[in-house]
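Asks: Got a structure here, written out as structure tokens. Questions coming.
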Amino acid sequence: MSDALTGALAEALAELVTAVAACDDEVLDPDTAVEWLEMTGHTLGALPPADRRTLDGLFRAVALRHPEGPWRDELLTLSEGFGLTGDIHADACEAVAEHTRRFVTAIRDADPATPVPTRPGRTLADLTRDLGTLHHWAGHLVRTRSRARVLPGDLPLGLPAEPAAHADWLAATADATVRTLRTADPDAPVWSPGGDPHVRSYPARLLRETLVHLADAGIALRGEPDPADPRTAAEAVDDLLAELPYVPRAAEALARLDRDGAVIRLTAHDTGTGWTLVLGGGGFTWTRGTGEGPAVPAVRVGAGAGELLLLLHGRFAAADPRFLRTGDTELLDAWLAATAL
């Protein structure tokens with residue numbers, strides 16, 4: 001794509017988005033405007049960091065071509081409104097560090113042999129080892145820029161023999177991994193189990209796994225998970241849905257559902273975020289947005305974003321009263337069984 005075409009598209013998008021945001025309610029339905037802006041923000045948010053920085057510069061150039069005044073001021077806030085000016089990679093690394101510290105704090109003084117109800121046959125010591133192994137594996141891949149698959153079990157972990165020492169081991173392992181991620185170019189290529197073989201995919205994966213492990217620990221120790229930040233949980237749902245098509249056993253199971261065209265709608269009541277899943281082609285496609293679109297969902301399920309994340313990870317059953325389900329619940333149960341990790 002030529003620089004001229006890129007610039008023209010950026011200018012058209014900047015002017016259109018600003019017009020939608022500033023549009024009078026009598027001209028454009030507010031709910032439609034919010035939905036469109038949210039979908040646009042989600043699309044831009046998925047861009048690699050380098051592209052986000054480029055788009056930020058293009059938006060700013062568009063604004064500065066206008067004379068001083070309210071319209072120029074609105075255009076200058078566009079990048080900030082879509083989060084293009086922040087360091088997404090650095091923020092994601094900090095979130096991984098913060099949530100891992102929370103996990104370590106939660107289990108440090110607990111009995112490592114405490115059973116985990118959401119993981120039958122597993123203990124807190126197992127959870128700690130699993131999370132530390134994931135950190136060690138991700139850190140190795142990013143540090144070596146491996147372009148080939150490496151199995152976690154093939155790497156020396158340095159795991160202490162005494163389970164009581166596992167918390168400190170996890171803390172040290174996670175610190176080393178986060179340092180590696182922070183200093184790495186997020187756009188650098190590296191093997192990934194999902195569809196984005198770059199460094200930038202690993203903080204999101206680690207954060208999602210840490211959120212789920214935190215919930216497992218909370219349920220084991222107190223009977224309920226600590227509430228997750230809704231926005232963070234919603235982004236983790238994005239990450240999971242983006243990964244599932246690349247999980248071989250899930251793809252095979254989905255192909256056997258034979259429900260092409262069926263639609264599942266997930267709604268997070270605390271963020272207003274919705275995900276529309278359309279089955280077909282031996283798998284599924286998904287979109288994120290506040291509106292359901294033209295296709296009528298066969299089944300709808302609503303809850304908090306954190307609860308939906310745990311549902312998709314098999315930590316809660318869909319029949320749990322915390323979920324509001326309507327429609328073809330058998331389809332939902334079959335899809336969840338097919339995509340179980």
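Simple scheme: letters A, B, ... for chains in structure tokens order, numbers from 1 for residues in each chain, numbers from 1 for ligands in the order shown.
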Considering only C-alpha atoms, return as a list in words whatever protein or nucleic-acid residues lie within 9 Å of Leu55 in chain A, sequence-local ones (same chain, fewer than 5 positions apart) excluded.
Replies: Ala10, Ala50, Arg60, Ser79 and Leu84 of chain A
Asks: For Thr123 in chain A, list every protein, DNA or RNA residue within 6 Å, evaluated using only C-alpha atoms, and leave out those in the same chain fewer than 4 positions away; present the list as number ranges by chain.
Replies: A: 113-116
Asks: Of the candidates A:Leu207, A:Ala12, A:Ala125, A:Leu310, which shows the shortest atom-to-atom distance to Ala161 in chain A, using only C-alpha atoms?
Replies: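 When distances to Ala161 in chain A are compared using only C-alpha atoms, the smallest one comes from A:Ala125.
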Asks: Taking only C-alpha atoms into account, which of A:Leu311, A:Ala234, A:Val104, A:Leu241 comes nearest Val278 in chain A?
Replies: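 Nearest candidate to Val278 in chain A out of A:Leu311, A:Ala234, A:Val104, A:Leu241: A:Leu241.
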Asks: Can you pull out every residue within 9 Å of Gly7 in chain A, counting only C-alpha atoms, but drop anything in the same chain fewer than 6 positions away, and send it as a PyMOL selection string?
Replies: chain A and resi 58-59+62
Asks: Hey, which of A:Leu5, A:Ala337, A:Ala164, A:Leu157 ends up closest to Asp111 in chain A? Count only C-alpha atoms.
Replies: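 Looking only at the distances to Asp111 in chain A, the closest residue turns out to be A:Ala164.
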Asks: Write out as an MDAnalysis selection string the residues lying within 12 Å of Asp130 in chain A, counting only C-alpha atoms and excluding same-chain residues fewer than 5 positions away.
Replies: chainID A and resid 119 122:125 135:137 152:153 157 159 166:167 169:170 173 206 209:210 212:213
Asks: A:Leu277, A:Leu221, A:Ala176, A:Leu16: which is nearest Ala242 in chain A, counting only C-alpha atoms?
Replies: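 Nearest candidate to Ala242 in chain A out of A:Leu277, A:Leu221, A:Ala176, A:Leu16: A:Leu277.
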Asks: Using only C-alpha atoms, which protein or nucleic acid residues come within 10 Å of Gly139 in chain A? Drop anything in the same chain fewer than 4 positions from it, and give the result as a ChimeraX atom specification.
Replies: /A:133-135,143-145,173-181,202
Asks: For the structure I just gave you, how does DSSP split range 125-288 of chain A - specifically, which residues are helix (DSSP H, G or I)? Reply as a PyMOL selection string.
Replies: chain A and resi 125-144+152-154+163-183+201-222+230-246+248-255
Asks: Grab the CA of Ala33 in chain A to CA of Val20 in chain A distance for me, in Å with one decimal place.
Replies: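 Taking CA of Ala33 in chain A and CA of Val20 in chain A, their separation equals 6.2 Å.
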Asks: Name the residues in contact with Asp328 in chain A at a cut-off of 9 Å, using only C-alpha atoms, excluding same-chain residues fewer than 4 positions from it; report them as a ChimeraX atom specification.
Replies: /A:298-300,332
